[in-house]
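Peer 1: Pasting a structure below so you can have a look.
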Amino acid sequence: MKNGQPGTVATSLRPRILLAAWLTALLLPLVLFACDSPQKASYTPAYTSTAPGQQKILIFGVHPLHNPQRLQETYGPLVEYLNRNLPTVTIQLEASRSYEEYDKKLYSRRFHFALPNPYQTLNSLAHGYRIFAKMGEDDNFRGIIIVKKNSTINTVSDLKGKIVSFPAPTALAATMMPLYFLHTHGLDVSNDITRLFSGSQESSIMNVYLGKSAAGATWPPPWRAFMERNPKMAAELEVKWETTPLVNNGLVARDDVPQELVTKMRDLLLELHTHEEGRRLLAALPLTRFEAATEATYQPVRDFLKKYDEEIH
């Protein structure tokens, strides 16, 4: 055989070998897929919480009536009650450390349900919320101004040149209403006093006790809670002035929450005072009842805010 013949045979076989390798590479994944197909057929998709039959978490934001721990202790049992009676959803209580933080959450629509103060309640309407109920006992929604019992603060004019503490600029009962009270009693609240915004109801009270402010503003529920938890400190303080009341805190629902669910939650809240368990839950707030409400319910608050903006803001 000539030297060139073996090379000729090898050259003629090379294309066939390459073709076989190419076919093997092409068909092997198909064979493996066929072998694996019984396992793939048993795959079931995972559904999110928005799928039919799945529970959806809805966030309930209560404005800073108390510090987060105290708020959880107070409103946690009420949320547990709602969850037992609203089996298709899970209500999750969320506290905020300050009014500023709460406002950001509310106006960015983080909450599905919320319990804001009346000022925040009205503001929430522009962010897609609707009013469906409110806290009862409107007489409780008033500002109070606290001083030390041994202080020299006897008249409103005695506060001139002094520091007065408030929870936050957007606290209606504990800031705006006391400021308006001082304004209507002859004090120039923009120049005669130094406003100290402490961030919470408790800290506004504590500033008075610690001597950081000559007076401090809050409203009855946090003051009662402070007296219960800190009786010795509270014994050194007294309520010097009270404002006239306004409409109490509102309950709002985001506009994408189904009306049927809003109605069920409203009915559960409005019926609390009619049974023993409900009365225990209300007593912890403390409150005697919730009441139905609409946007029209808060017209007195609109009227007050108009006067406040014109005369003080």
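Here, A, B, ... name the chains of the structure tokens in the order displayed, residue numbers run from 1 inside each chain, and ligands are numbered from 1 in the same displayed order.
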Could you name the residues that touch Lys212 (chain A) at 12 Å or less, counting only C-alpha atoms, but leaving out those on the same chain fewer than 2 positions away, as a list of chain:residue names?

Peer 2: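 In the requested format, the answer is A:Val147, A:Lys148, A:Lys162, A:Ile163, A:Val164, A:Ser165, A:Phe166, A:Thr194, A:Arg195, A:Leu196, A:Phe197, A:Ser198, A:Ser203, A:Ser204, A:Ile205, A:Met206, A:Asn207, A:Val208, A:Tyr209, A:Leu210, A:Ala214, A:Ala215, A:Gly216.
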
Peer 1: Would you mind listing what lies within 9 Å of Phe181 (chain A) as a ChimeraX atom specification, with only C-alpha atoms counted and same-chain residues fewer than 6 positions away left out?

Peer 2: /A:143,187,241-244

Peer 1: Include all heavy atoms and write out the residues we just selected as a PDB file, in the first residue's frame.

Peer 2:
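As a result, selection_38.pdb now contains:
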ATOM      1  N   GLY A 143     -56.844  68.568  74.517  1.00  0.00           N
ATOM      2  CA  GLY A 143     -55.472  68.761  74.938  1.00  0.00           C
ATOM      3  C   GLY A 143     -55.392  69.079  76.415  1.00  0.00           C
ATOM      4  O   GLY A 143     -56.309  69.682  76.983  1.00  0.00           O
ATOM      5  N   LEU A 187     -51.179  84.430  74.794  1.00  0.00           N
ATOM      6  CA  LEU A 187     -49.758  84.139  74.594  1.00  0.00           C
ATOM      7  C   LEU A 187     -49.424  84.154  73.105  1.00  0.00           C
ATOM      8  O   LEU A 187     -50.158  83.584  72.287  1.00  0.00           O
ATOM      9  CB  LEU A 187     -49.424  82.776  75.194  1.00  0.00           C
ATOM     10  CG  LEU A 187     -47.976  82.524  75.606  1.00  0.00           C
ATOM     11  CD1 LEU A 187     -47.581  83.442  76.754  1.00  0.00           C
ATOM     12  CD2 LEU A 187     -47.784  81.074  76.009  1.00  0.00           C
ATOM     13  N   TRP A 241     -54.207  73.054  82.626  1.00  0.00           N
ATOM     14  CA  TRP A 241     -55.266  73.539  81.752  1.00  0.00           C
ATOM     15  C   TRP A 241     -55.735  72.433  80.816  1.00  0.00           C
ATOM     16  O   TRP A 241     -54.987  71.505  80.511  1.00  0.00           O
ATOM     17  CB  TRP A 241     -54.773  74.720  80.896  1.00  0.00           C
ATOM     18  CG  TRP A 241     -54.352  75.912  81.698  1.00  0.00           C
ATOM     19  CD1 TRP A 241     -55.153  76.784  82.383  1.00  0.00           C
ATOM     20  CD2 TRP A 241     -53.016  76.378  81.908  1.00  0.00           C
ATOM     21  NE1 TRP A 241     -54.402  77.765  82.992  1.00  0.00           N
ATOM     22  CE2 TRP A 241     -53.092  77.549  82.719  1.00  0.00           C
ATOM     23  CE3 TRP A 241     -51.748  75.951  81.480  1.00  0.00           C
ATOM     24  CZ2 TRP A 241     -51.970  78.264  83.104  1.00  0.00           C
ATOM     25  CZ3 TRP A 241     -50.623  76.656  81.868  1.00  0.00           C
ATOM     26  CH2 TRP A 241     -50.746  77.801  82.673  1.00  0.00           C
ATOM     27  N   GLU A 242     -56.980  72.541  80.388  1.00  0.00           N
ATOM     28  CA  GLU A 242     -57.559  71.629  79.404  1.00  0.00           C
ATOM     29  C   GLU A 242     -58.192  72.445  78.284  1.00  0.00           C
ATOM     30  O   GLU A 242     -58.717  73.534  78.517  1.00  0.00           O
ATOM     31  CB  GLU A 242     -58.631  70.742  80.041  1.00  0.00           C
ATOM     32  CG  GLU A 242     -58.125  69.810  81.122  1.00  0.00           C
ATOM     33  CD  GLU A 242     -59.226  68.884  81.614  1.00  0.00           C
ATOM     34  OE1 GLU A 242     -60.383  69.047  81.153  1.00  0.00           O
ATOM     35  OE2 GLU A 242     -58.936  68.009  82.440  1.00  0.00           O
ATOM     36  N   THR A 243     -58.163  71.910  77.074  1.00  0.00           N
ATOM     37  CA  THR A 243     -58.804  72.579  75.945  1.00  0.00           C
ATOM     38  C   THR A 243     -60.229  72.060  75.794  1.00  0.00           C
ATOM     39  O   THR A 243     -60.616  71.062  76.414  1.00  0.00           O
ATOM     40  CB  THR A 243     -58.044  72.310  74.633  1.00  0.00           C
ATOM     41  OG1 THR A 243     -58.304  70.966  74.196  1.00  0.00           O
ATOM     42  CG2 THR A 243     -56.543  72.500  74.808  1.00  0.00           C
ATOM     43  N   THR A 244     -61.005  72.691  74.952  1.00  0.00           N
ATOM     44  CA  THR A 244     -62.305  72.140  74.575  1.00  0.00           C
ATOM     45  C   THR A 244     -62.074  70.936  73.670  1.00  0.00           C
ATOM     46  O   THR A 244     -61.059  70.860  72.973  1.00  0.00           O
ATOM     47  CB  THR A 244     -63.160  73.196  73.849  1.00  0.00           C
ATOM     48  OG1 THR A 244     -62.416  73.694  72.737  1.00  0.00           O
ATOM     49  CG2 THR A 244     -63.516  74.337  74.772  1.00  0.00           C
TER      50      THR A 244
END

Peer 1: I'd like the neighbourhood of Gly250 (chain A) as a count of residues only, where a residue qualifies if any of its atoms comes within 8 Å (using only C-alpha atoms), though same-chain residues fewer than 4 positions away should be ignored.

Peer 2: 11

Peer 1: Between A:Asp309, A:Arg302, A:Asn154, A:Leu287, which residue has the minimum interatomic distance to Glu238 (chain A), considering only C-alpha atoms?

Peer 2: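 For Glu238 (chain A), the nearest of the candidates is A:Asn154.
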
Peer 1: Please provide as a PyMOL selection string all residues within 6 Å of region 168-180 of chain A, with the sequence filter that same-chain residues fewer than 4 positions apart are discarded (counting only C-alpha atoms).

Peer 2: chain A and resi 142-143+197+199+217-219

Peer 1: Since we have the selection now, will you write its residues out, keeping C-alpha atoms, as an mmCIF file, in the first residue's frame?

Peer 2:
data_model
loop_
_atom_site.group_PDB
_atom_site.id
_atom_site.type_symbol
_atom_site.label_atom_id
_atom_site.label_comp_id
_atom_site.auth_asym_id
_atom_site.auth_seq_id
_atom_site.Cartn_x
_atom_site.Cartn_y
_atom_site.Cartn_z
ATOM 1 C CA ARG A 142 -58.886 67.314 74.265
ATOM 2 C CA GLY A 143 -55.472 68.761 74.938
ATOM 3 C CA PHE A 197 -41.007 68.684 70.070
ATOM 4 C CA GLY A 199 -41.410 62.871 69.502
ATOM 5 C CA ALA A 217 -48.780 69.116 76.446
ATOM 6 C CA THR A 218 -50.446 65.753 75.910
ATOM 7 C CA TRP A 219 -54.014 64.362 75.965
#

Peer 1: With a distance cut-off of 10 Å and only C-alpha atoms, select the neighbouring residues of Leu305 (chain A), excluding the residue or stretch itself and same-chain residues fewer than 5 positions from it, and output the selection as a short mmCIF file (atom, residue, chain, number, x, y, z; two decimals) with N, CA, C and O atoms, in the first residue's frame.

Peer 2:
data_model
loop_
_atom_site.label_atom_id
_atom_site.label_comp_id
_atom_site.auth_asym_id
_atom_site.auth_seq_id
_atom_site.Cartn_x
_atom_site.Cartn_y
_atom_site.Cartn_z
N TYR A 119 -56.45 65.01 62.47
CA TYR A 119 -55.70 65.77 61.47
C TYR A 119 -55.15 64.83 60.40
O TYR A 119 -55.29 65.07 59.19
N LEU A 172 -52.63 66.58 66.93
CA LEU A 172 -53.74 67.53 67.01
C LEU A 172 -54.11 67.84 68.46
O LEU A 172 -54.06 68.99 68.90
N MET A 176 -51.52 70.98 68.57
CA MET A 176 -52.26 72.07 67.93
C MET A 176 -53.32 72.67 68.86
O MET A 176 -53.43 73.90 68.97
N MET A 177 -54.08 71.83 69.51
CA MET A 177 -55.14 72.33 70.38
C MET A 177 -54.58 73.06 71.60
O MET A 177 -55.08 74.13 71.97
N GLN A 299 -66.06 67.43 59.93
CA GLN A 299 -66.15 68.84 59.56
C GLN A 299 -65.71 69.77 60.69
O GLN A 299 -65.04 70.77 60.43
N PRO A 300 -66.06 69.50 61.96
CA PRO A 300 -65.56 70.36 63.04
C PRO A 300 -64.03 70.43 63.09
O PRO A 300 -63.47 71.47 63.47
N GLU A 310 -54.88 80.00 60.02
CA GLU A 310 -55.01 81.45 59.84
C GLU A 310 -54.35 82.23 60.99
O GLU A 310 -53.75 83.27 60.76
N GLU A 311 -54.45 81.70 62.20
CA GLU A 311 -54.03 82.48 63.37
C GLU A 311 -52.66 82.09 63.94
O GLU A 311 -52.03 82.91 64.60
N ILE A 312 -52.23 80.85 63.66
CA ILE A 312 -51.01 80.38 64.31
C ILE A 312 -49.97 79.87 63.32
O ILE A 312 -48.79 80.18 63.46
N HIS A 313 -50.35 79.09 62.36
CA HIS A 313 -49.41 78.33 61.54
C HIS A 313 -48.33 79.24 60.95
O HIS A 313 -48.64 80.26 60.37
#
